[in-house]
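Below is final.cif, holding mmCIF, C-alpha atoms, pLDDT in the B column; chains and numbers go by the auth columns.
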data_coords
#
loop_
_atom_site.group_PDB
_atom_site.id
_atom_site.type_symbol
_atom_site.label_atom_id
_atom_site.label_comp_id
_atom_site.label_asym_id
_atom_site.label_seq_id
_atom_site.Cartn_x
_atom_site.Cartn_y
_atom_site.Cartn_z
_atom_site.B_iso_or_equiv
_atom_site.auth_seq_id
_atom_site.auth_asym_id
ATOM 1 C CA MET A 1 0.000 0.000 0.000 40.00 10 V
ATOM 2 C CA PRO A 2 2.517 2.670 -1.050 44.00 11 V
ATOM 3 C CA ASN A 3 0.044 5.588 -1.149 52.00 12 V
ATOM 4 C CA TYR A 4 -1.507 4.745 2.192 54.00 13 V
ATOM 5 C CA SER A 5 1.985 4.363 3.620 64.00 14 V
ATOM 6 C CA THR A 6 3.082 7.737 2.249 90.00 15 V
ATOM 7 C CA SER A 7 0.030 9.523 3.586 91.00 16 V
ATOM 8 C CA LEU A 8 0.657 8.045 7.056 94.00 17 V
ATOM 9 C CA ASP A 9 4.326 9.107 6.810 96.00 18 V
ATOM 10 C CA LEU A 10 3.290 12.672 6.032 96.00 19 V
ATOM 11 C CA ALA A 11 0.530 12.787 8.662 96.00 20 V
ATOM 12 C CA PHE A 12 2.822 11.564 11.450 97.00 21 V
ATOM 13 C CA HIS A 13 5.571 13.901 10.276 96.00 22 V
ATOM 14 C CA ALA A 14 3.101 16.817 10.355 97.00 23 V
ATOM 15 C CA LEU A 15 2.103 15.902 13.930 97.00 24 V
ATOM 16 C CA SER A 16 5.735 15.715 15.109 97.00 25 V
ATOM 17 C CA ASP A 17 5.860 19.472 15.733 97.00 26 V
ATOM 18 C CA PRO A 18 4.216 21.271 18.701 95.00 27 V
ATOM 19 C CA THR A 19 3.086 24.283 16.624 96.00 28 V
ATOM 20 C CA ARG A 20 1.429 22.049 14.047 97.00 29 V
ATOM 21 C CA ARG A 21 -0.273 19.954 16.758 97.00 30 V
ATOM 22 C CA ALA A 22 -1.519 23.180 18.375 96.00 31 V
ATOM 23 C CA VAL A 23 -2.935 24.311 15.006 97.00 32 V
ATOM 24 C CA VAL A 24 -4.772 20.980 14.661 97.00 33 V
ATOM 25 C CA SER A 25 -6.104 21.362 18.238 95.00 34 V
ATOM 26 C CA ARG A 26 -7.436 24.857 17.504 95.00 35 V
ATOM 27 C CA LEU A 27 -9.029 23.817 14.199 96.00 36 V
ATOM 28 C CA VAL A 28 -10.847 20.970 15.967 94.00 37 V
ATOM 29 C CA GLU A 29 -13.054 23.762 17.404 91.00 38 V
ATOM 30 C CA GLY A 30 -13.876 25.116 13.944 92.00 39 V
ATOM 31 C CA GLU A 31 -12.391 26.884 10.929 95.00 40 V
ATOM 32 C CA LEU A 32 -10.353 30.064 11.382 97.00 41 V
ATOM 33 C CA PRO A 33 -8.640 32.703 9.240 97.00 42 V
ATOM 34 C CA VAL A 34 -4.826 32.388 9.136 96.00 43 V
ATOM 35 C CA THR A 35 -4.314 35.671 11.041 94.00 44 V
ATOM 36 C CA ALA A 36 -6.495 34.524 13.984 95.00 45 V
ATOM 37 C CA LEU A 37 -4.901 31.077 13.865 96.00 46 V
ATOM 38 C CA ALA A 38 -1.389 32.595 14.009 96.00 47 V
ATOM 39 C CA GLU A 39 -2.151 35.035 16.857 95.00 48 V
ATOM 40 C CA PRO A 40 -1.268 32.860 19.903 94.00 49 V
ATOM 41 C CA PHE A 41 2.078 31.804 18.421 94.00 50 V
ATOM 42 C CA ASP A 42 5.226 33.807 19.059 92.00 51 V
ATOM 43 C CA MET A 43 6.427 33.323 15.490 94.00 52 V
ATOM 44 C CA ALA A 44 6.894 35.379 12.307 95.00 53 V
ATOM 45 C CA LEU A 45 4.006 34.877 9.879 94.00 54 V
ATOM 46 C CA PRO A 46 6.225 33.325 7.123 95.00 55 V
ATOM 47 C CA SER A 47 7.412 30.638 9.582 96.00 56 V
ATOM 48 C CA PHE A 48 3.857 30.040 10.683 97.00 57 V
ATOM 49 C CA THR A 49 2.581 29.701 7.105 96.00 58 V
ATOM 50 C CA GLN A 50 5.382 27.164 6.490 97.00 59 V
ATOM 51 C CA HIS A 51 3.817 25.029 9.240 97.00 60 V
ATOM 52 C CA LEU A 52 0.391 25.460 7.630 97.00 61 V
ATOM 53 C CA LYS A 53 1.893 24.359 4.314 97.00 62 V
ATOM 54 C CA VAL A 54 3.167 21.101 5.896 97.00 63 V
ATOM 55 C CA LEU A 55 -0.318 20.460 7.332 97.00 64 V
ATOM 56 C CA GLU A 56 -1.969 21.291 4.019 96.00 65 V
ATOM 57 C CA ASP A 57 0.479 19.248 1.895 95.00 66 V
ATOM 58 C CA CYS A 58 -0.307 16.123 3.907 94.00 67 V
ATOM 59 C CA GLY A 59 -4.054 16.754 3.734 95.00 68 V
ATOM 60 C CA LEU A 60 -4.640 17.344 7.459 96.00 69 V
ATOM 61 C CA ILE A 61 -6.026 20.815 6.726 97.00 70 V
ATOM 62 C CA VAL A 62 -7.370 22.712 3.719 97.00 71 V
ATOM 63 C CA SER A 63 -7.317 26.451 3.215 97.00 72 V
ATOM 64 C CA GLU A 64 -9.504 28.683 1.096 96.00 73 V
ATOM 65 C CA LYS A 65 -9.307 32.359 0.177 96.00 74 V
ATOM 66 C CA ARG A 66 -12.435 34.345 1.127 95.00 75 V
ATOM 67 C CA GLY A 67 -12.233 38.040 0.345 95.00 76 V
ATOM 68 C CA ARG A 68 -8.994 39.280 1.884 94.00 77 V
ATOM 69 C CA SER A 69 -8.565 36.375 4.312 95.00 78 V
ATOM 70 C CA ARG A 70 -7.398 32.794 3.943 96.00 79 V
ATOM 71 C CA TRP A 71 -9.428 30.397 6.080 98.00 80 V
ATOM 72 C CA CYS A 72 -8.200 27.010 7.330 98.00 81 V
ATOM 73 C CA ARG A 73 -10.156 23.968 8.398 96.00 82 V
ATOM 74 C CA LEU A 74 -9.317 20.462 9.544 95.00 83 V
ATOM 75 C CA VAL A 75 -9.793 17.425 7.264 94.00 84 V
ATOM 76 C CA PRO A 76 -10.735 14.687 9.736 90.00 85 V
ATOM 77 C CA GLN A 77 -10.256 11.808 7.252 92.00 86 V
ATOM 78 C CA ARG A 78 -6.463 12.187 7.163 91.00 87 V
ATOM 79 C CA PHE A 79 -6.320 12.566 10.939 93.00 88 V
ATOM 80 C CA ASP A 80 -8.497 9.447 11.272 93.00 89 V
ATOM 81 C CA GLU A 81 -6.160 7.372 9.094 93.00 90 V
ATOM 82 C CA ALA A 82 -3.277 8.021 11.507 94.00 91 V
ATOM 83 C CA ALA A 83 -5.493 7.616 14.600 94.00 92 V
ATOM 84 C CA ASP A 84 -6.933 4.352 13.212 95.00 93 V
ATOM 85 C CA TRP A 85 -3.450 2.930 12.666 95.00 94 V
ATOM 86 C CA MET A 86 -2.534 3.720 16.291 94.00 95 V
ATOM 87 C CA MET A 87 -5.798 2.292 17.643 94.00 96 V
ATOM 88 C CA ALA A 88 -5.398 -0.933 15.647 95.00 97 V
ATOM 89 C CA GLU A 89 -1.889 -1.465 17.071 95.00 98 V
ATOM 90 C CA ARG A 90 -3.088 -0.646 20.586 93.00 99 V
ATOM 91 C CA GLU A 91 -5.935 -3.166 20.253 93.00 100 V
ATOM 92 C CA ARG A 92 -3.533 -5.857 19.053 92.00 101 V
ATOM 93 C CA TRP A 93 -1.303 -5.055 22.047 89.00 102 V
ATOM 94 C CA SER A 94 -4.248 -5.287 24.487 86.00 103 V
ATOM 95 C CA GLY A 95 -5.330 -8.550 22.845 85.00 104 V
ATOM 96 C CA ARG A 96 -1.864 -9.971 23.349 82.00 105 V
ATOM 97 C CA LEU A 97 -1.844 -8.960 27.038 81.00 106 V
ATOM 98 C CA ASP A 98 -5.312 -10.531 27.505 82.00 107 V
ATOM 99 C CA ARG A 99 -4.120 -13.799 25.941 82.00 108 V
ATOM 100 C CA LEU A 100 -0.993 -13.733 28.114 80.00 109 V
ATOM 101 C CA GLU A 101 -3.095 -13.165 31.231 83.00 110 V
ATOM 102 C CA ALA A 102 -5.474 -16.000 30.306 84.00 111 V
ATOM 103 C CA TYR A 103 -2.493 -18.300 29.699 82.00 112 V
ATOM 104 C CA LEU A 104 -0.918 -17.433 33.078 85.00 113 V
ATOM 105 C CA ASP A 105 -4.299 -17.876 34.838 85.00 114 V
ATOM 106 C CA ASN A 106 -4.761 -21.311 33.291 86.00 115 V
ATOM 107 C CA LYS A 107 -1.196 -22.261 34.127 85.00 116 V
ATOM 108 C CA GLN A 108 -1.669 -21.231 37.759 85.00 117 V
ATOM 109 C CA LYS A 109 -4.943 -23.192 37.984 85.00 118 V
ATOM 110 C CA GLY A 110 -3.206 -26.233 36.463 84.00 119 V
ATOM 111 C CA GLU A 111 -0.399 -25.974 39.009 82.00 120 V
ATOM 112 C CA LYS A 112 -2.899 -25.761 41.876 78.00 121 V
ATOM 113 C CA THR A 113 -4.787 -28.815 40.561 75.00 122 V
ATOM 114 C CA ASN A 114 -1.552 -30.794 40.272 73.00 123 V
ATOM 115 C CA ALA A 115 -0.307 -29.677 43.734 66.00 124 V
ATOM 116 C CA MET B 1 4.627 21.107 29.101 40.00 17 E
ATOM 117 C CA PRO B 2 7.989 21.183 27.280 44.00 18 E
ATOM 118 C CA ASN B 3 9.029 17.609 28.113 52.00 19 E
ATOM 119 C CA TYR B 4 5.671 16.106 27.226 54.00 20 E
ATOM 120 C CA SER B 5 5.737 18.132 24.028 64.00 21 E
ATOM 121 C CA THR B 6 9.223 16.909 23.137 90.00 22 E
ATOM 122 C CA SER B 7 8.358 13.284 23.775 91.00 23 E
ATOM 123 C CA LEU B 8 5.287 13.612 21.514 94.00 24 E
ATOM 124 C CA ASP B 9 7.465 15.275 18.839 96.00 25 E
ATOM 125 C CA LEU B 10 9.876 12.357 18.934 96.00 26 E
ATOM 126 C CA ALA B 11 7.173 9.686 19.041 96.00 27 E
ATOM 127 C CA PHE B 12 5.316 11.105 16.012 97.00 28 E
ATOM 128 C CA HIS B 13 8.606 11.599 14.173 96.00 29 E
ATOM 129 C CA ALA B 14 9.511 7.962 14.885 97.00 30 E
ATOM 130 C CA LEU B 15 6.134 6.832 13.499 97.00 31 E
ATOM 131 C CA SER B 16 6.534 8.892 10.303 97.00 32 E
ATOM 132 C CA ASP B 17 8.539 6.131 8.609 97.00 33 E
ATOM 133 C CA PRO B 18 7.065 2.879 7.206 95.00 34 E
ATOM 134 C CA THR B 19 9.982 0.699 8.382 96.00 35 E
ATOM 135 C CA ARG B 20 9.729 2.032 11.922 97.00 36 E
ATOM 136 C CA ARG B 21 5.931 1.564 11.962 97.00 37 E
ATOM 137 C CA ALA B 22 6.429 -2.010 10.710 96.00 38 E
ATOM 138 C CA VAL B 23 8.931 -2.643 13.542 97.00 39 E
ATOM 139 C CA VAL B 24 6.390 -1.362 16.082 96.00 40 E
ATOM 140 C CA SER B 25 3.725 -3.622 14.514 95.00 41 E
ATOM 141 C CA ARG B 26 5.962 -6.676 14.778 95.00 42 E
ATOM 142 C CA LEU B 27 6.972 -5.922 18.376 96.00 43 E
ATOM 143 C CA VAL B 28 3.294 -5.644 19.356 94.00 44 E
ATOM 144 C CA GLU B 29 3.302 -9.461 19.030 91.00 45 E
ATOM 145 C CA GLY B 30 6.221 -9.837 21.438 92.00 46 E
ATOM 146 C CA GLU B 31 9.933 -9.164 21.855 95.00 47 E
ATOM 147 C CA LEU B 32 12.388 -10.247 19.153 97.00 48 E
ATOM 148 C CA PRO B 33 16.142 -10.326 18.553 97.00 49 E
ATOM 149 C CA VAL B 34 17.392 -7.646 16.119 96.00 50 E
ATOM 150 C CA THR B 35 18.366 -10.227 13.483 94.00 51 E
ATOM 151 C CA ALA B 36 14.850 -11.747 13.390 95.00 52 E
ATOM 152 C CA LEU B 37 13.313 -8.282 13.459 96.00 53 E
ATOM 153 C CA ALA B 38 15.449 -7.147 10.498 96.00 54 E
ATOM 154 C CA GLU B 39 14.791 -10.245 8.375 95.00 55 E
ATOM 155 C CA PRO B 40 11.662 -9.133 6.445 94.00 56 E
ATOM 156 C CA PHE B 41 13.205 -5.789 5.478 94.00 57 E
ATOM 157 C CA ASP B 42 15.185 -5.393 2.270 93.00 58 E
ATOM 158 C CA MET B 43 17.736 -3.167 3.964 94.00 59 E
ATOM 159 C CA ALA B 44 21.367 -3.284 5.088 95.00 60 E
ATOM 160 C CA LEU B 45 21.673 -3.993 8.827 94.00 61 E
ATOM 161 C CA PRO B 46 23.351 -0.613 9.622 95.00 62 E
ATOM 162 C CA SER B 47 20.408 1.249 8.039 96.00 63 E
ATOM 163 C CA PHE B 48 17.979 -0.950 9.934 97.00 64 E
ATOM 164 C CA THR B 49 19.745 -0.392 13.263 96.00 65 E
ATOM 165 C CA GLN B 50 19.544 3.369 12.582 97.00 66 E
ATOM 166 C CA HIS B 51 15.763 3.009 12.518 97.00 67 E
ATOM 167 C CA LEU B 52 15.886 1.024 15.770 97.00 68 E
ATOM 168 C CA LYS B 53 17.992 3.812 17.291 97.00 69 E
ATOM 169 C CA VAL B 54 15.307 6.405 16.417 97.00 70 E
ATOM 170 C CA LEU B 55 12.658 4.177 18.039 97.00 71 E
ATOM 171 C CA GLU B 56 14.849 3.594 21.098 96.00 72 E
ATOM 172 C CA ASP B 57 15.868 7.269 21.477 95.00 73 E
ATOM 173 C CA CYS B 58 12.224 8.336 21.675 94.00 74 E
ATOM 174 C CA GLY B 59 11.399 5.546 24.141 95.00 75 E
ATOM 175 C CA LEU B 60 9.024 3.576 21.896 96.00 76 E
ATOM 176 C CA ILE B 61 11.232 0.472 22.214 97.00 77 E
ATOM 177 C CA VAL B 62 13.996 -0.746 24.514 97.00 78 E
ATOM 178 C CA SER B 63 16.745 -3.176 23.621 97.00 79 E
ATOM 179 C CA GLU B 64 18.831 -5.461 25.789 96.00 80 E
ATOM 180 C CA LYS B 65 21.867 -7.621 25.104 96.00 81 E
ATOM 181 C CA ARG B 66 21.355 -11.310 25.971 95.00 82 E
ATOM 182 C CA GLY B 67 24.336 -13.494 25.181 95.00 83 E
ATOM 183 C CA ARG B 68 25.232 -12.820 21.559 94.00 84 E
ATOM 184 C CA SER B 69 21.883 -11.276 20.600 95.00 85 E
ATOM 185 C CA ARG B 70 20.273 -7.908 21.185 96.00 86 E
ATOM 186 C CA TRP B 71 16.553 -8.196 21.909 98.00 87 E
ATOM 187 C CA CYS B 72 13.982 -5.442 21.335 98.00 88 E
ATOM 188 C CA ARG B 73 10.620 -4.900 22.936 96.00 89 E
ATOM 189 C CA LEU B 74 7.906 -2.270 22.717 95.00 90 E
ATOM 190 C CA VAL B 75 7.346 0.283 25.513 94.00 91 E
ATOM 191 C CA PRO B 76 3.582 0.824 25.387 90.00 92 E
ATOM 192 C CA GLN B 77 3.615 3.954 27.626 92.00 93 E
ATOM 193 C CA ARG B 78 5.272 6.114 24.978 91.00 94 E
ATOM 194 C CA PHE B 79 3.008 4.745 22.266 93.00 95 E
ATOM 195 C CA ASP B 80 0.000 5.441 24.517 93.00 96 E
ATOM 196 C CA GLU B 81 1.007 9.075 25.014 93.00 97 E
ATOM 197 C CA ALA B 82 0.825 9.681 21.266 94.00 98 E
ATOM 198 C CA ALA B 83 -2.341 7.575 20.862 94.00 99 E
ATOM 199 C CA ASP B 84 -4.001 9.391 23.801 95.00 100 E
ATOM 200 C CA TRP B 85 -3.274 12.789 22.244 95.00 101 E
ATOM 201 C CA MET B 86 -4.908 11.651 18.983 94.00 102 E
ATOM 202 C CA MET B 87 -7.921 10.155 20.766 95.00 103 E
ATOM 203 C CA ALA B 88 -8.466 13.308 22.831 95.00 104 E
ATOM 204 C CA GLU B 89 -8.493 15.453 19.675 95.00 105 E
ATOM 205 C CA ARG B 90 -10.804 12.994 17.904 93.00 106 E
ATOM 206 C CA GLU B 91 -13.221 13.054 20.869 93.00 107 E
ATOM 207 C CA ARG B 92 -13.242 16.875 20.876 92.00 108 E
ATOM 208 C CA TRP B 93 -13.958 16.753 17.134 90.00 109 E
ATOM 209 C CA SER B 94 -16.831 14.265 17.604 86.00 110 E
ATOM 210 C CA GLY B 95 -18.184 16.375 20.467 85.00 111 E
ATOM 211 C CA ARG B 96 -18.174 19.429 18.224 82.00 112 E
ATOM 212 C CA LEU B 97 -20.040 17.548 15.461 81.00 113 E
ATOM 213 C CA ASP B 98 -22.607 16.283 18.014 83.00 114 E
ATOM 214 C CA ARG B 99 -23.212 19.832 19.271 82.00 115 E
ATOM 215 C CA LEU B 100 -23.524 21.082 15.692 81.00 116 E
ATOM 216 C CA GLU B 101 -26.037 18.326 14.881 83.00 117 E
ATOM 217 C CA ALA B 102 -28.076 19.096 18.027 84.00 118 E
ATOM 218 C CA TYR B 103 -28.065 22.800 17.109 82.00 119 E
ATOM 219 C CA LEU B 104 -29.246 22.118 13.554 85.00 120 E
ATOM 220 C CA ASP B 105 -31.930 19.697 14.842 86.00 121 E
ATOM 221 C CA ASN B 106 -33.255 22.316 17.261 86.00 122 E
ATOM 222 C CA LYS B 107 -33.162 24.982 14.574 85.00 123 E
ATOM 223 C CA GLN B 108 -35.133 22.754 12.173 85.00 124 E
ATOM 224 C CA LYS B 109 -37.723 21.961 14.894 85.00 125 E
ATOM 225 C CA GLY B 110 -38.039 25.693 15.669 85.00 126 E
ATOM 226 C CA GLU B 111 -38.613 26.451 11.980 82.00 127 E
ATOM 227 C CA LYS B 112 -41.320 23.759 11.749 78.00 128 E
ATOM 228 C CA THR B 113 -43.071 25.131 14.887 75.00 129 E
ATOM 229 C CA ASN B 114 -42.981 28.651 13.488 73.00 130 E
ATOM 230 C CA ALA B 115 -44.168 27.552 10.022 66.00 131 E
#
Using the file provided, produce a representation of the structure as structure tokens.
Amino acid sequence: MPNYSTSLDLAFHALSDPTRRAVVSRLVEGELPVTALAEPFDMALPSFTQHLKVLEDCGLIVSEKRGRSRWCRLVPQRFDEAADWMMAERERWSGRLDRLEAYLDNKQKGEKTNA
Amino acid sequence: MPNYSTSLDLAFHALSDPTRRAVVSRLVEGELPVTALAEPFDMALPSFTQHLKVLEDCGLIVSEKRGRSRWCRLVPQRFDEAADWMMAERERWSGRLDRLEAYLDNKQKGEKTNA
């Protein structure tokens, strides 16, 4: 699955920066113009728009020009792909621990029966 | 939270590569020696161990020398930190959609009553 793999690569890379994660967190509440989105960050606007470009290139956000402002909004599908991958691995991990626990329980019961 | 932020940065960076995600997936099933872990990958061992180093540096895996082999295992806590961040954002997003739906429902009901 090369395309799926690449989109996960880009999504995780995009989330590996605190500014970009903070942008995602703010956009979860709703769309915002770039100027309002940039306001809480102590960063020059060109640096900030670079971060937006990384988020937009990987499909985590889209932006749209409306009048004199550019508005950004989250694209949950791309976020979900990365979240789903993590959840699937976590479920496999929990399943393994459950099986291990069941095995140890049975073993202990067997030992008690044989004692 | 600078430390928490840094550990999330490193965890997401580590997961932004398909080889490293595949290593995590394999270690979900249980610990493995480096040689067995490297086997399915069409990659020179030094390149592969570089990937393991990234995973180990961010705390997603630990490795331990036993006799002539080095064994790797997953550290679920670090994985959980990243997964928990994603789940929290996803829940906020779902909550926002639920509120939006409830608002639109109420608005529609109000329009019908007034019609």
Which residues would end up in the selection if the PyMOL selection byres ((chain V and resi 102-111) around 12) were applied here, given that I need the answer as a PDB file with C-alpha atoms, in the frame of the given file?
ATOM      1  CA  MET V  95      -2.534   3.720  16.291  1.00 94.00           C
ATOM      2  CA  MET V  96      -5.798   2.292  17.643  1.00 94.00           C
ATOM      3  CA  ALA V  97      -5.398  -0.933  15.647  1.00 95.00           C
ATOM      4  CA  GLU V  98      -1.889  -1.465  17.071  1.00 95.00           C
ATOM      5  CA  ARG V  99      -3.088  -0.646  20.586  1.00 93.00           C
ATOM      6  CA  GLU V 100      -5.935  -3.166  20.253  1.00 93.00           C
ATOM      7  CA  ARG V 101      -3.533  -5.857  19.053  1.00 92.00           C
ATOM      8  CA  TYR V 112      -2.493 -18.300  29.699  1.00 82.00           C
ATOM      9  CA  LEU V 113      -0.918 -17.433  33.078  1.00 85.00           C
ATOM     10  CA  ASP V 114      -4.299 -17.876  34.838  1.00 85.00           C
ATOM     11  CA  ASN V 115      -4.761 -21.311  33.291  1.00 86.00           C
ATOM     12  CA  LYS V 116      -1.196 -22.261  34.127  1.00 85.00           C
ATOM     13  CA  GLN V 117      -1.669 -21.231  37.759  1.00 85.00           C
ATOM     14  CA  LYS V 118      -4.943 -23.192  37.984  1.00 85.00           C
TER      15      LYS V 118
ATOM     16  CA  VAL E  40       6.390  -1.362  16.082  1.00 96.00           C
ATOM     17  CA  SER E  41       3.725  -3.622  14.514  1.00 95.00           C
ATOM     18  CA  ARG E  42       5.962  -6.676  14.778  1.00 95.00           C
ATOM     19  CA  LEU E  43       6.972  -5.922  18.376  1.00 96.00           C
ATOM     20  CA  VAL E  44       3.294  -5.644  19.356  1.00 94.00           C
ATOM     21  CA  GLU E  45       3.302  -9.461  19.030  1.00 91.00           C
ATOM     22  CA  GLY E  46       6.221  -9.837  21.438  1.00 92.00           C
ATOM     23  CA  GLU E  47       9.933  -9.164  21.855  1.00 95.00           C
ATOM     24  CA  ARG E  89      10.620  -4.900  22.936  1.00 96.00           C
ATOM     25  CA  LEU E  90       7.906  -2.270  22.717  1.00 95.00           C
ATOM     26  CA  VAL E  91       7.346   0.283  25.513  1.00 94.00           C
ATOM     27  CA  PRO E  92       3.582   0.824  25.387  1.00 90.00           C
ATOM     28  CA  GLN E  93       3.615   3.954  27.626  1.00 92.00           C
ATOM     29  CA  PHE E  95       3.008   4.745  22.266  1.00 93.00           C
ATOM     30  CA  ASP E  96       0.000   5.441  24.517  1.00 93.00           C
TER      31      ASP E  96
END
Decode the PyMOL selection byres ((chain V and resi 70) around 7) for the given file into explicit residues and return them as a PyMOL selection string. chain V and resi 64-65+68-69+71-72+81-84
Taking the file as shown, find all residues satisfying the PyMOL selection byres ((chain V and resi 42) around 8) and write them as a ChimeraX atom specification. /V:40-41,43-46,78-81
Restricted to C-alpha atoms, what would the selected residues look like written as a PDB file, keeping the file's coordinate frame?
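So out.pdb came out as:
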ATOM      1  CA  GLU V  40     -12.391  26.884  10.929  1.00 95.00           C
ATOM      2  CA  LEU V  41     -10.353  30.064  11.382  1.00 97.00           C
ATOM      3  CA  VAL V  43      -4.826  32.388   9.136  1.00 96.00           C
ATOM      4  CA  THR V  44      -4.314  35.671  11.041  1.00 94.00           C
ATOM      5  CA  ALA V  45      -6.495  34.524  13.984  1.00 95.00           C
ATOM      6  CA  LEU V  46      -4.901  31.077  13.865  1.00 96.00           C
ATOM      7  CA  SER V  78      -8.565  36.375   4.312  1.00 95.00           C
ATOM      8  CA  ARG V  79      -7.398  32.794   3.943  1.00 96.00           C
ATOM      9  CA  TRP V  80      -9.428  30.397   6.080  1.00 98.00           C
ATOM     10  CA  CYS V  81      -8.200  27.010   7.330  1.00 98.00           C
TER      11      CYS V  81
END
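For the pair atom CA of V:Leu24 and atom CA of E:Phe64, the interatomic distance is 23.5 Å.
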Chain E post-superposition (all in-order Cα pairs with chain V) as a short mmCIF file (atom, residue, chain, number, x, y, z; two decimals) with C-alpha atoms, in the coordinates of the input:
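Okay, this is what ended up in out_16.cif:
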data_model
loop_
_atom_site.label_atom_id
_atom_site.label_comp_id
_atom_site.auth_asym_id
_atom_site.auth_seq_id
_atom_site.Cartn_x
_atom_site.Cartn_y
_atom_site.Cartn_z
CA MET E 17 0.03 -0.05 0.08
CA PRO E 18 2.53 2.63 -1.03
CA ASN E 19 0.06 5.53 -1.14
CA TYR E 20 -1.50 4.72 2.21
CA SER E 21 1.99 4.36 3.62
CA THR E 22 3.08 7.73 2.23
CA SER E 23 0.02 9.51 3.56
CA LEU E 24 0.67 8.04 7.03
CA ASP E 25 4.33 9.12 6.78
CA LEU E 26 3.28 12.67 6.01
CA ALA E 27 0.53 12.79 8.64
CA PHE E 28 2.83 11.57 11.44
CA HIS E 29 5.59 13.91 10.25
CA ALA E 30 3.11 16.81 10.34
CA LEU E 31 2.12 15.89 13.91
CA SER E 32 5.76 15.71 15.08
CA ASP E 33 5.87 19.47 15.72
CA PRO E 34 4.23 21.25 18.69
CA THR E 35 3.09 24.27 16.63
CA ARG E 36 1.43 22.05 14.04
CA ARG E 37 -0.26 19.94 16.75
CA ALA E 38 -1.50 23.16 18.38
CA VAL E 39 -2.94 24.30 15.02
CA VAL E 40 -4.77 20.97 14.66
CA SER E 41 -6.10 21.35 18.23
CA ARG E 42 -7.42 24.84 17.52
CA LEU E 43 -9.03 23.81 14.22
CA VAL E 44 -10.84 20.96 15.99
CA GLU E 45 -13.05 23.74 17.42
CA GLY E 46 -13.88 25.10 13.97
CA GLU E 47 -12.40 26.87 10.95
CA LEU E 48 -10.36 30.05 11.41
CA PRO E 49 -8.65 32.69 9.27
CA VAL E 50 -4.84 32.39 9.17
CA THR E 51 -4.33 35.66 11.07
CA ALA E 52 -6.50 34.51 14.01
CA LEU E 53 -4.90 31.08 13.90
CA ALA E 54 -1.39 32.59 14.03
CA GLU E 55 -2.15 35.01 16.87
CA PRO E 56 -1.25 32.85 19.91
CA PHE E 57 2.09 31.80 18.43
CA ASP E 58 5.25 33.81 19.07
CA MET E 59 6.43 33.33 15.50
CA ALA E 60 6.89 35.38 12.33
CA LEU E 61 4.00 34.88 9.88
CA PRO E 62 6.21 33.33 7.13
CA SER E 63 7.42 30.65 9.58
CA PHE E 64 3.86 30.04 10.69
CA THR E 65 2.58 29.71 7.12
CA GLN E 66 5.36 27.16 6.50
CA HIS E 67 3.82 25.02 9.23
CA LEU E 68 0.38 25.46 7.64
CA LYS E 69 1.88 24.37 4.31
CA VAL E 70 3.16 21.11 5.88
CA LEU E 71 -0.32 20.47 7.33
CA GLU E 72 -1.99 21.30 4.01
CA ASP E 73 0.46 19.25 1.89
CA CYS E 74 -0.31 16.12 3.90
CA GLY E 75 -4.06 16.76 3.73
CA LEU E 76 -4.64 17.34 7.46
CA ILE E 77 -6.04 20.83 6.74
CA VAL E 78 -7.39 22.71 3.73
CA SER E 79 -7.34 26.45 3.23
CA GLU E 80 -9.52 28.70 1.12
CA LYS E 81 -9.34 32.37 0.19
CA ARG E 82 -12.46 34.35 1.15
CA GLY E 83 -12.24 38.04 0.35
CA ARG E 84 -9.02 39.29 1.91
CA SER E 85 -8.59 36.37 4.32
CA ARG E 86 -7.42 32.80 3.95
CA TRP E 87 -9.44 30.40 6.10
CA CYS E 88 -8.22 27.01 7.34
CA ARG E 89 -10.17 23.97 8.40
CA LEU E 90 -9.33 20.47 9.55
CA VAL E 91 -9.81 17.43 7.27
CA PRO E 92 -10.73 14.69 9.74
CA GLN E 93 -10.25 11.80 7.24
CA ARG E 94 -6.47 12.19 7.17
CA PHE E 95 -6.31 12.57 10.93
CA ASP E 96 -8.49 9.44 11.27
CA GLU E 97 -6.15 7.38 9.09
CA ALA E 98 -3.27 8.03 11.49
CA ALA E 99 -5.48 7.61 14.59
CA ASP E 100 -6.92 4.35 13.20
CA TRP E 101 -3.43 2.92 12.64
CA MET E 102 -2.52 3.72 16.27
CA MET E 103 -5.77 2.27 17.62
CA ALA E 104 -5.37 -0.94 15.62
CA GLU E 105 -1.86 -1.46 17.03
CA ARG E 106 -3.05 -0.65 20.56
CA GLU E 107 -5.90 -3.17 20.23
CA ARG E 108 -3.48 -5.87 19.02
CA TRP E 109 -1.27 -5.05 22.01
CA SER E 110 -4.21 -5.29 24.45
CA GLY E 111 -5.30 -8.54 22.81
CA ARG E 112 -1.82 -9.96 23.30
CA LEU E 113 -1.81 -8.96 26.99
CA ASP E 114 -5.28 -10.52 27.47
CA ARG E 115 -4.09 -13.79 25.91
CA LEU E 116 -0.97 -13.73 28.08
CA GLU E 117 -3.07 -13.14 31.21
CA ALA E 118 -5.46 -15.99 30.28
CA TYR E 119 -2.47 -18.28 29.69
CA LEU E 120 -0.91 -17.43 33.05
CA ASP E 121 -4.29 -17.85 34.80
CA ASN E 122 -4.75 -21.31 33.27
CA LYS E 123 -1.19 -22.26 34.12
CA GLN E 124 -1.68 -21.19 37.76
CA LYS E 125 -4.97 -23.16 37.99
CA GLY E 126 -3.24 -26.22 36.49
CA GLU E 127 -0.44 -25.94 39.07
CA LYS E 128 -2.97 -25.71 41.93
CA THR E 129 -4.87 -28.79 40.61
CA ASN E 130 -1.64 -30.75 40.35
CA ALA E 131 -0.41 -29.64 43.79
#
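In this structure, atom CA of V:His60 sits 25.3 Å away from atom CA of E:His67.
Candidate residues E:Ala99, E:Val39, E:Leu61, E:Ala54 were compared for distance to chain V, and the nearest is E:Ala99, using all atoms listed in the file.
Comparing the minimum interatomic distances between chain V and each of E:Glu55, E:Glu97, E:Asp73, E:Glu80, counting only C-alpha atoms, we find that E:Glu97 sits nearest.
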